file model09.csv (CSV, C-alpha atoms)
chain,number,residue,atom,x,y,z
X,1,MET,CA,94.1,124.0,93.6
X,2,SER,CA,93.7,125.0,97.2
X,3,TYR,CA,96.6,124.5,99.6
X,4,PRO,CA,95.0,121.7,101.7
X,5,ASN,CA,94.2,119.8,98.5
X,6,LEU,CA,97.7,120.3,97.1
X,7,MET,CA,99.2,119.0,100.4
X,8,ALA,CA,96.8,116.1,100.5
X,9,ASN,CA,97.9,115.1,96.9
X,10,LEU,CA,101.5,115.4,97.7
X,11,ARG,CA,101.1,113.3,100.8
X,12,LYS,CA,99.2,110.7,98.8
X,13,THR,CA,101.9,110.5,96.2
X,14,PHE,CA,104.8,110.4,98.6
X,15,SER,CA,102.9,107.8,100.7
X,16,LYS,CA,103.0,105.5,97.6
X,17,ILE,CA,106.7,106.2,97.2
X,18,TYR,CA,107.2,105.3,100.8
X,19,ASP,CA,105.3,102.1,100.5
X,20,SER,CA,107.2,101.1,97.4
X,21,TYR,CA,110.7,101.7,98.6
X,22,ILE,CA,110.8,101.5,102.4
X,23,ASN,CA,111.8,97.8,102.5
X,24,LYS,CA,114.5,98.2,99.8
X,25,ILE,CA,116.0,101.2,101.4
X,26,TYR,CA,116.0,99.6,104.8
X,27,ARG,CA,117.6,96.5,103.5
X,28,PHE,CA,120.2,98.5,101.6
X,29,ILE,CA,121.2,100.5,104.6
X,30,PHE,CA,121.0,97.5,107.0
X,31,LEU,CA,123.4,95.5,104.8
X,32,LYS,CA,125.9,98.3,105.2
X,33,VAL,CA,125.6,99.3,108.8
X,34,SER,CA,124.7,95.9,110.3
X,35,SER,CA,122.5,97.3,113.0
X,36,GLN,CA,118.8,97.3,113.1
X,37,GLU,CA,118.7,100.5,115.2
X,38,ILE,CA,121.1,102.4,113.0
X,39,ALA,CA,119.3,101.1,109.8
X,40,GLN,CA,116.0,102.3,111.2
X,41,ASP,CA,117.4,105.7,112.0
X,42,LEU,CA,119.1,106.2,108.7
X,43,THR,CA,116.1,104.9,106.7
X,44,SER,CA,113.7,107.1,108.4
X,45,GLU,CA,116.0,110.0,107.9
X,46,THR,CA,116.2,109.1,104.2
X,47,PHE,CA,112.5,109.3,103.8
X,48,LEU,CA,112.2,112.4,105.9
X,49,LYS,CA,114.7,114.2,103.7
X,50,GLY,CA,112.9,112.8,100.7
X,51,TRP,CA,109.6,114.1,101.9
X,52,GLU,CA,111.0,117.5,102.7
X,53,SER,CA,112.4,117.9,99.2
X,54,PHE,CA,109.3,116.6,97.6
X,55,LYS,CA,107.1,118.8,99.7
X,56,ASN,CA,109.2,121.8,98.7
X,57,GLY,CA,108.6,121.2,95.0
X,58,THR,CA,111.7,119.2,93.9
X,59,LYS,CA,110.6,117.3,90.8
X,60,ILE,CA,111.4,113.6,91.4
X,61,GLU,CA,111.6,111.7,88.1
X,62,ASN,CA,113.1,108.6,89.5
X,63,PRO,CA,112.1,108.1,93.1
X,64,GLN,CA,114.2,105.1,93.5
X,65,ALA,CA,117.4,106.8,92.4
X,66,PHE,CA,116.5,109.8,94.4
X,67,LEU,CA,116.1,107.8,97.6
X,68,TYR,CA,119.1,105.7,97.0
X,69,ARG,CA,121.2,108.8,96.6
X,70,ILE,CA,120.1,110.2,99.9
X,71,ALA,CA,120.6,106.8,101.6
X,72,ARG,CA,124.1,106.4,100.2
X,73,ASN,CA,125.1,109.9,101.4
X,74,LEU,CA,123.7,109.2,104.9
X,75,VAL,CA,125.6,105.9,105.1
X,76,THR,CA,128.8,107.7,104.0
X,77,ASP,CA,128.3,110.4,106.6
X,78,HIS,CA,127.6,107.7,109.2
X,79,TYR,CA,130.9,105.9,108.3
X,80,ARG,CA,132.7,109.1,108.5
X,81,GLU,CA,131.5,109.7,112.0
X,82,LYS,CA,131.3,106.2,113.4
X,83,GLY,CA,133.9,104.4,111.4
X,84,ARG,CA,133.0,101.3,109.3
X,85,ALA,CA,130.8,98.9,111.2
X,86,GLN,CA,133.2,96.6,112.9
X,87,ILE,CA,130.7,94.7,114.9
X,88,VAL,CA,128.1,92.8,112.9
X,89,SER,CA,125.2,92.5,115.3
X,90,ALA,CA,123.9,89.3,113.8
X,91,GLU,CA,121.2,88.6,116.4
X,92,TYR,CA,119.0,91.5,115.2
X,93,VAL,CA,118.2,90.3,111.7
X,94,SER,CA,114.5,90.2,111.2
X,95,ILE,CA,113.5,87.1,109.3
X,96,ILE,CA,110.1,87.5,107.7
X,97,ASP,CA,109.6,83.9,107.2
X,98,PRO,CA,109.9,82.3,110.6
X,99,ARG,CA,110.6,78.6,110.1
X,100,GLU,CA,108.9,76.2,112.4
X,101,ASP,CA,112.0,74.2,112.6
X,102,ILE,CA,114.5,75.9,115.0
X,103,GLU,CA,117.4,74.1,113.4
X,104,GLU,CA,116.4,75.2,110.0
X,105,ALA,CA,115.9,78.7,111.2
X,106,ALA,CA,119.3,78.8,112.8
X,107,ALA,CA,120.9,77.4,109.7
X,108,LEU,CA,119.2,80.0,107.5
X,109,LYS,CA,120.2,82.7,109.9
X,110,SER,CA,123.8,81.6,110.0
X,111,ASP,CA,123.8,81.4,106.2
X,112,ILE,CA,122.5,85.0,105.9
X,113,ASP,CA,125.0,86.2,108.4
X,114,THR,CA,127.8,84.6,106.5
X,115,VAL,CA,126.8,86.3,103.3
X,116,ARG,CA,126.2,89.6,105.1
X,117,LEU,CA,129.6,89.6,106.6
X,118,ALA,CA,131.2,88.8,103.3
X,119,LEU,CA,129.3,91.6,101.6
X,120,VAL,CA,130.3,94.1,104.2
X,121,ASN,CA,133.9,93.5,103.4
X,122,LEU,CA,133.6,94.4,99.7
X,123,SER,CA,134.0,97.9,98.3
X,124,GLU,CA,131.0,100.2,98.2
X,125,ASP,CA,130.6,99.9,94.4
X,126,TYR,CA,130.7,96.0,94.6
X,127,GLN,CA,128.2,96.0,97.4
X,128,ASN,CA,125.8,98.3,95.6
X,129,VAL,CA,125.9,96.5,92.3
X,130,ILE,CA,125.2,93.2,94.0
X,131,ILE,CA,122.4,94.6,96.1
X,132,TRP,CA,120.7,96.5,93.3
X,133,HIS,CA,120.9,93.8,90.6
X,134,TYR,CA,120.3,90.6,92.7
X,135,LEU,CA,118.3,91.8,95.6
X,136,ASP,CA,116.3,94.7,94.2
X,137,ASP,CA,116.1,93.1,90.8
X,138,LEU,CA,117.1,96.2,89.0
X,139,SER,CA,118.2,95.8,85.4
X,140,ILE,CA,121.7,96.5,84.2
X,141,THR,CA,120.4,99.6,82.6
X,142,GLU,CA,118.9,100.9,85.9
X,143,VAL,CA,122.0,100.0,87.9
X,144,ALA,CA,124.2,101.8,85.3
X,145,LYS,CA,122.1,104.9,85.7
X,146,LEU,CA,122.4,104.7,89.5
X,147,LEU,CA,126.2,104.3,89.2
X,148,ASP,CA,126.5,106.9,86.5
X,149,ARG,CA,128.4,104.5,84.3
X,150,THR,CA,127.9,102.7,81.0
X,151,GLU,CA,126.0,99.4,80.8
X,152,GLU,CA,129.2,97.7,79.7
X,153,ALA,CA,131.2,99.1,82.6
X,154,THR,CA,128.3,98.0,84.9
X,155,ARG,CA,128.4,94.4,83.6
X,156,VAL,CA,132.1,94.3,84.2
X,157,LEU,CA,131.7,95.7,87.7
X,158,LEU,CA,129.0,93.1,88.5
X,159,SER,CA,131.1,90.1,87.4
X,160,ARG,CA,134.1,91.5,89.5
X,161,ALA,CA,131.8,92.0,92.5
X,162,LEU,CA,130.6,88.4,92.3
X,163,LYS,CA,134.2,87.2,92.1
X,164,GLY,CA,135.0,89.4,95.1
X,165,LEU,CA,132.1,87.9,97.1
X,166,ARG,CA,133.1,84.4,96.3
X,167,ASN,CA,136.6,85.1,97.5
X,168,GLU,CA,135.3,86.5,100.7
X,169,LEU,CA,133.1,83.6,101.4
X,170,ARG,CA,135.9,81.1,100.6
X,171,ASP,CA,138.4,83.0,102.6
X,172,PRO,CA,136.9,85.6,104.9
X,173,ALA,CA,139.0,88.6,105.6
X,174,ALA,CA,140.3,88.7,109.2
F,1,MET,CA,130.5,77.3,94.4
F,2,THR,CA,128.8,77.9,91.1
F,3,GLU,CA,127.6,81.3,90.1
F,4,LYS,CA,124.1,80.0,90.4
F,5,GLU,CA,124.7,78.9,94.0
F,6,LEU,CA,126.3,82.2,94.8
F,7,ILE,CA,123.4,84.2,93.5
F,8,GLY,CA,121.1,81.9,95.4
F,9,LYS,CA,123.0,82.7,98.6
F,10,ILE,CA,122.8,86.4,97.8
F,11,ARG,CA,119.1,86.2,97.3
F,12,GLU,CA,118.6,84.8,100.7
F,13,LEU,CA,119.4,88.3,101.9
F,14,ARG,CA,115.9,89.2,100.7
F,15,GLN,CA,114.7,87.9,104.0
F,16,ILE,CA,116.1,91.0,105.6
F,17,GLN,CA,113.1,93.3,106.2
F,18,PRO,CA,112.2,96.1,108.6
F,19,ARG,CA,109.7,95.4,111.3
F,20,LYS,CA,106.1,96.1,110.1
F,21,ASP,CA,105.2,98.2,113.2
F,22,TRP,CA,108.3,100.3,112.7
F,23,VAL,CA,107.4,100.9,109.1
F,24,SER,CA,103.9,102.1,110.0
F,25,LEU,CA,105.0,104.2,112.8
F,26,THR,CA,107.7,105.9,110.8
F,27,LYS,CA,105.3,106.6,108.0
F,28,ILE,CA,103.0,108.3,110.4
F,29,GLN,CA,105.9,110.3,111.9
F,30,ILE,CA,107.0,111.5,108.5
F,31,LEU,CA,103.8,112.2,106.8
F,32,GLY,CA,101.6,113.0,109.7
F,33,GLU,CA,98.2,111.6,110.7
F,34,SER,CA,96.8,111.7,107.2
F,35,ALA,CA,99.1,109.0,106.2
F,36,ARG,CA,97.3,106.5,108.5
F,37,GLY,CA,95.2,104.7,105.9
F,38,ARG,CA,97.0,101.4,105.4
F,39,ALA,CA,99.4,102.1,108.2
F,40,SER,CA,96.9,101.9,111.0
F,41,VAL,CA,96.1,98.3,110.3
F,42,SER,CA,99.5,97.0,111.1
F,43,PHE,CA,100.5,99.7,113.7
F,44,PHE,CA,100.1,97.7,116.8
F,45,PRO,CA,102.2,94.6,117.4
F,46,PHE,CA,99.9,91.9,116.1
F,47,TRP,CA,101.1,89.3,118.5
F,48,ARG,CA,99.6,91.4,121.4
F,49,PRO,CA,96.1,92.5,120.3
F,50,ALA,CA,94.7,92.6,123.8
F,51,LEU,CA,97.5,94.9,125.0
F,52,ALA,CA,97.1,97.0,122.0
F,53,THR,CA,93.4,97.5,122.6
F,54,VAL,CA,94.0,98.4,126.2
F,55,MET,CA,96.7,100.9,125.2
F,56,ALA,CA,94.4,102.4,122.6
F,57,LEU,CA,91.6,102.8,125.1
F,58,GLY,CA,94.0,104.3,127.6
F,59,ILE,CA,95.3,106.8,125.2
F,60,LEU,CA,91.8,107.8,124.1
F,61,ILE,CA,90.5,108.1,127.7
F,62,GLY,CA,93.5,110.2,128.6
F,63,ALA,CA,93.0,112.4,125.5
F,64,PHE,CA,89.4,113.0,126.4
F,65,GLY,CA,90.3,113.8,130.0
F,66,PHE,CA,93.0,116.3,129.1
F,67,ALA,CA,90.8,117.7,126.3
F,68,GLN,CA,88.3,119.0,128.8
F,69,ASN,CA,90.7,121.6,130.0
F,70,SER,CA,91.9,122.7,126.6
F,71,LEU,CA,91.3,126.0,125.0
F,72,PRO,CA,90.7,127.1,121.4
F,73,GLY,CA,94.0,126.9,119.7
F,74,ASP,CA,95.1,123.8,121.6
F,75,ILE,CA,95.5,120.6,119.8
F,76,LEU,CA,93.1,118.6,122.0
F,77,TYR,CA,90.4,121.3,121.7
F,78,SER,CA,88.8,119.6,118.7
F,79,ILE,CA,88.3,116.5,120.9
F,80,LYS,CA,86.6,118.7,123.5
F,81,LYS,CA,84.2,120.0,120.9
F,82,LEU,CA,83.6,116.5,119.6
F,83,THR,CA,82.6,115.4,123.1
F,84,GLU,CA,80.2,118.3,123.3
F,85,LYS,CA,78.7,117.5,119.9
F,86,SER,CA,78.1,113.9,120.8
F,87,GLN,CA,76.5,114.9,124.1
F,88,ALA,CA,74.2,117.2,122.2
F,89,VAL,CA,72.7,114.2,120.4
F,90,PHE,CA,71.1,113.2,123.7
F,91,VAL,CA,69.6,116.6,124.4
F,92,SER,CA,65.8,116.9,123.9
F,93,LYS,CA,64.3,119.6,121.7
F,94,GLU,CA,62.9,121.4,124.8
F,95,GLU,CA,66.3,121.4,126.5
F,96,LEU,CA,68.2,122.4,123.4
F,97,PRO,CA,68.0,126.2,123.8
F,98,LYS,CA,69.3,126.0,127.4
F,99,TYR,CA,72.0,123.5,126.3
F,100,ASN,CA,73.2,125.8,123.5
F,101,LEU,CA,73.3,128.7,125.9
F,102,GLU,CA,75.4,126.6,128.3
F,103,ILE,CA,77.8,125.8,125.6
F,104,ALA,CA,78.0,129.5,124.6
F,105,ASN,CA,78.8,130.3,128.2
F,106,LYS,CA,81.5,127.7,128.2
F,107,ARG,CA,83.1,129.4,125.2
F,108,LEU,CA,82.8,132.7,127.0
F,109,ASP,CA,84.5,131.2,130.0
F,110,GLU,CA,87.3,130.0,127.8
F,111,LEU,CA,87.6,133.4,126.2
F,112,THR,CA,87.6,135.0,129.6
F,113,GLU,CA,90.4,132.8,130.7
F,114,ILE,CA,92.4,133.5,127.6
F,115,ALA,CA,91.9,137.2,127.9
F,116,GLN,CA,92.8,137.3,131.6
F,117,THR,CA,96.0,135.2,131.1
F,118,ASN,CA,97.0,137.2,128.0
F,119,GLN,CA,97.3,134.3,125.6
F,120,VAL,CA,97.2,136.5,122.6
F,121,LYS,CA,97.6,133.7,120.0
F,122,LYS,CA,94.4,132.0,121.3
F,123,LEU,CA,92.3,135.1,121.3
F,124,ALA,CA,91.2,135.1,117.7
F,125,PRO,CA,90.2,131.4,117.6
F,126,ALA,CA,88.5,131.8,121.0
F,127,ILE,CA,86.4,134.7,119.8
F,128,SER,CA,85.3,133.0,116.7
F,129,GLU,CA,84.4,129.9,118.6
F,130,PHE,CA,82.3,132.0,120.9
F,131,GLN,CA,80.6,133.8,118.1
F,132,ALA,CA,79.9,130.5,116.3
F,133,ASN,CA,78.2,129.1,119.4
F,134,MET,CA,76.3,132.3,119.9
F,135,SER,CA,74.9,131.9,116.4
F,136,GLU,CA,73.8,128.4,117.3
F,137,ALA,CA,72.2,129.6,120.4
F,138,ALA,CA,70.4,132.3,118.4
F,139,LYS,CA,68.9,129.7,116.2
F,140,SER,CA,67.4,127.7,119.1
F,141,LEU,CA,66.3,130.9,120.9
F,142,SER,CA,63.8,131.5,118.1
F,143,GLU,CA,62.2,128.2,119.1
F,144,VAL,CA,61.7,129.3,122.7
F,145,LYS,CA,58.2,130.2,123.8
F,146,GLY,CA,56.0,130.1,126.9
F,147,GLN,CA,57.5,127.8,129.5
F,148,GLY,CA,60.8,127.6,127.7
F,149,VAL,CA,61.6,131.1,128.7
F,150,GLU,CA,62.2,130.2,132.3
F,151,LYS,CA,64.8,127.6,131.4
F,152,ILE,CA,67.0,130.0,129.5
F,153,ILE,CA,66.9,133.0,131.8
F,154,ALA,CA,69.8,132.0,134.1
F,155,GLN,CA,72.1,131.2,131.2
F,156,THR,CA,71.1,134.3,129.2
F,157,LYS,CA,71.8,136.6,132.2
F,158,LYS,CA,75.2,134.9,132.9
F,159,LEU,CA,76.0,135.3,129.2
F,160,GLU,CA,75.2,139.0,129.1
F,161,GLU,CA,77.1,139.8,132.3
F,162,ASN,CA,80.2,137.8,131.4
F,163,LYS,CA,80.3,139.1,127.9
F,164,GLN,CA,80.3,142.6,129.2
F,165,LYS,CA,83.2,141.8,131.5
F,166,VAL,CA,85.3,140.3,128.7
F,167,GLU,CA,84.6,143.2,126.5
F,168,GLU,CA,85.9,145.5,129.2
F,169,VAL,CA,89.1,143.4,129.6
F,170,LEU,CA,89.6,143.3,125.8
F,171,ALA,CA,88.5,146.9,125.3
F,172,THR,CA,86.5,145.8,122.4
F,173,LYS,CA,82.9,144.8,121.6
F,174,ILE,CA,82.4,141.3,120.4
F,175,GLU,CA,79.9,141.2,117.6
F,176,THR,CA,77.0,138.8,118.3
F,177,GLU,CA,74.3,140.4,116.2
F,178,LYS,CA,72.3,137.2,115.4
F,179,PHE,CA,72.0,136.3,119.0
F,180,ASP,CA,71.2,139.8,120.2
F,181,ASN,CA,68.5,140.1,117.5
F,182,ALA,CA,67.1,136.7,118.4
F,183,LEU,CA,67.0,137.6,122.1
F,184,SER,CA,65.4,140.9,121.3
F,185,ARG,CA,62.7,139.3,119.3
F,186,LEU,CA,62.0,136.8,122.1
F,187,VAL,CA,61.6,139.6,124.6
F,188,GLU,CA,59.4,141.5,122.2
F,189,SER,CA,57.1,138.6,121.6
F,190,GLU,CA,56.8,137.9,125.3
F,191,ILE,CA,55.9,141.5,126.0
F,192,LYS,CA,53.3,141.6,123.2
F,193,ASP,CA,51.8,138.4,124.6
F,194,LEU,CA,51.5,139.9,128.0
F,195,GLU,CA,50.0,143.1,126.7
F,196,SER,CA,47.1,141.1,125.3
F,197,ARG,CA,46.3,139.7,128.7
F,198,THR,CA,44.6,141.1,131.7
F,199,LEU,CA,47.1,141.8,134.4
F,200,THR,CA,47.0,142.7,138.0
F,201,GLU,CA,48.4,146.1,139.1
F,202,GLU,CA,51.7,144.6,140.3
F,203,GLN,CA,52.0,142.7,137.0
F,204,GLU,CA,51.4,145.9,135.1
F,205,LEU,CA,54.2,147.6,137.0
F,206,LEU,CA,56.6,144.8,136.3
F,207,LEU,CA,55.6,144.8,132.6
F,208,GLU,CA,56.4,148.5,132.4
F,209,GLU,CA,59.8,147.9,133.9
F,210,ALA,CA,60.4,145.0,131.5
F,211,LYS,CA,59.5,147.3,128.6
F,212,ALA,CA,62.0,149.9,129.9
F,213,ASP,CA,64.7,147.2,130.2
F,214,PHE,CA,63.9,146.1,126.6
F,215,SER,CA,64.2,149.6,125.2
F,216,ALA,CA,67.5,150.0,127.0
F,217,GLY,CA,68.7,146.7,125.5
F,218,ASN,CA,68.9,144.9,128.8
F,219,TYR,CA,67.2,141.8,127.4
F,220,SER,CA,67.9,139.3,130.1
F,221,GLN,CA,66.7,141.7,132.8
F,222,ALA,CA,63.6,142.2,130.9
F,223,LEU,CA,63.1,138.5,130.7
F,224,GLU,CA,63.7,138.2,134.4
F,225,LYS,CA,60.9,140.7,135.1
F,226,ILE,CA,58.6,138.9,132.8
F,227,LEU,CA,59.3,135.7,134.6
F,228,ILE,CA,58.6,137.1,138.0
F,229,LEU,CA,55.5,138.7,136.6
F,230,SER,CA,54.2,135.3,135.4
F,231,TYR,CA,54.5,133.9,138.9
F,232,GLN,CA,52.4,136.7,140.5

call {"tool": "encode", "arguments": {"input": "model09.csv", "output": "structure tokens"}}
result
Amino acid sequence: MSYPNLMANLRKTFSKIYDSYINKIYRFIFLKVSSQEIAQDLTSETFLKGWESFKNGTKIENPQAFLYRIARNLVTDHYREKGRAQIVSAEYVSIIDPREDIEEAAALKSDIDTVRLALVNLSEDYQNVIIWHYLDDLSITEVAKLLDRTEEATRVLLSRALKGLRNELRDPAA
Amino acid sequence: MTEKELIGKIRELRQIQPRKDWVSLTKIQILGESARGRASVSFFPFWRPALATVMALGILIGAFGFAQNSLPGDILYSIKKLTEKSQAVFVSKEELPKYNLEIANKRLDELTEIAQTNQVKKLAPAISEFQANMSEAAKSLSEVKGQGVEKIIAQTKKLEENKQKVEEVLATKIETEKFDNALSRLVESEIKDLESRTLTEEQELLLEEAKADFSAGNYSQALEKILILSYQ
């Protein structure tokens, strides 16, 4: 196959990967860094790195896992440099379903903020397991693979994570 | 709170999504222009379509403007060529030979500028652009007859002179065989045509000079003499 055709095919394939996972990766990162700007930066860096690898011939069997791995590393690096996000900039949450009723919108926003804050106070593993299973709808099997643990261990982790979240919501850490 | 309620609260976080215009823009930045496809539809903020249209027009007009000064090898150069192609649509059949020669001269001007400013990287593309346009000009030259000759003389002369100059600067000959052959055939047919006619003494003299120019390969000079001759 000629080089331009090969590149065009690679672009097409990665373009589909981009479309499939951009929202999930963004949400994943946003929930951890609590800033739209930082989430945008890290998300685009995630896909840029992904594209570079893909372009250079890295075989990607599981794009989701591949991208999450990059995203997690970038978030870790970010924490190392900037320290864990202390300020939760609540006003920048993009709500895709703008409610007509301002009060309702405000209530929803405040609800989301509450859960976000609680989530941020959990350990990384607890955060991840909740995000992947309940937000991204990954099966226990898929989550286990991402965590590199057994399914049984993952189930246990998930139930502990929910407990932890409930505690946070009841009694938010200072 | 029941587990169900808790999960419900968690699922509200699904509302968190990136801005659509950021998604499209980022896709284009990472994958390049070819990734536009679906991206282009939601690129502009859809709550400001009028502003977006004005912006788009402004960018296009700016690009065309800047493109006119671009050289082969520049990014905007393809826009410049596109502009020329679209203009060519409006050129009539009779004007086409002259138009193609003008374009060839344009390429030659670009090549001259590149050669004189030593932009080595742009030399190769500029030379091939010039040769490509000369081939085009060659094709339409073969359509020229009779009155059409007058129209193309000025351009042909300019072409020959400037080509010689550039070849001196670059210390190399630029191959334009098709064009040279086409021009040569044109001069030949004009000469043959004149030989079959009855000419005055002055005209005969000019024809001899034209033949001499032709033999020496000075085609545009030959054409000039032929033109003067036809006005006698």

call {"tool": "closest_residue", "arguments": {"input": "model09.csv", "among": "X:Ile25, X:Leu6, X:Val75, X:Leu165", "to": "Lys55 (chain X)", "atoms": "all atoms listed in the file"}}
result
X:Leu6

call {"tool": "closest_residue", "arguments": {"input": "model09.csv", "among": "X:Leu169, X:Leu10, X:Ile112, X:Ala153", "to": "chain F", "atoms": "all atoms listed in the file"}}
result
X:Ile112

call {"tool": "interface_residues", "arguments": {"input": "model09.csv", "of": "chain X", "to": "chain F", "cutoff": "10 Å", "atoms": "only C-alpha atoms", "output": "ChimeraX atom specification"}}
result
/X:8,10-12,14-15,18-19,22-28,30-31,36,39-41,43-45,47-52,93-98,108-109,111-116,119,130-131,134-137,159,162-163,165-166,169-170

call {"tool": "atom_distance", "arguments": {"input": "model09.csv", "atom1": "CA of Thr13 (chain X)", "atom2": "CA of Ala65 (chain X)"}}
result
16.4 Å

call {"tool": "residues_around", "arguments": {"input": "model09.csv", "residues": "region 133-148 of chain F", "least_positions_apart": "3", "cutoff": "12 Å", "atoms": "all atoms listed in the file", "output": "ChimeraX atom specification"}}
result
/F:81,84-85,92-108,126-130,151-156,159-160,163,174-191,193-194,223,226-227,230-231

call {"tool": "residues_around", "arguments": {"input": "model09.csv", "residues": "Ser78 (chain F)", "least_positions_apart": "5", "cutoff": "12 Å", "atoms": "only C-alpha atoms", "output": "list in words"}}
result
Ala63, Phe64, Phe66, Ala67, Gln68, Asn69, Ser70, Leu71, Pro72, Gly73, Thr83, Glu84, Lys85, Pro125 and Glu129 of chain F

call {"tool": "residues_around", "arguments": {"input": "model09.csv", "residues": "Ile70 (chain X)", "least_positions_apart": "3", "cutoff": "8 Å", "atoms": "all atoms listed in the file", "output": "list in words"}}
result
Thr46, Lys49, Gly50, Phe66, Leu67, Asn73 and Leu74 of chain X

call {"tool": "residues_around", "arguments": {"input": "model09.csv", "residues": "Leu206 (chain F)", "least_positions_apart": "2", "cutoff": "10 Å", "atoms": "all atoms listed in the file", "output": "list in words"}}
result
Thr200, Glu201, Glu202, Gln203, Glu204, Glu208, Glu209, Ala210, Lys211, Ala212, Ala222, Glu224, Lys225, Ile226, Leu227, Ile228, Leu229 and Ser230 of chain F

call {"tool": "atom_distance", "arguments": {"input": "model09.csv", "atom1": "CA of Ala50 (chain F)", "atom2": "CA of Gly65 (chain F)"}}
result
22.5 Å

call {"tool": "atom_distance", "arguments": {"input": "model09.csv", "atom1": "CA of Ile140 (chain X)", "atom2": "CA of Ala118 (chain X)"}}
result
22.7 Å

call {"tool": "residues_around", "arguments": {"input": "model09.csv", "residues": "Leu157 (chain X)", "least_positions_apart": "4", "cutoff": "12 Å", "atoms": "only C-alpha atoms", "output": "ChimeraX atom specification"}}
result
/X:123-130,133,140,143-144,147,149-153,161-164
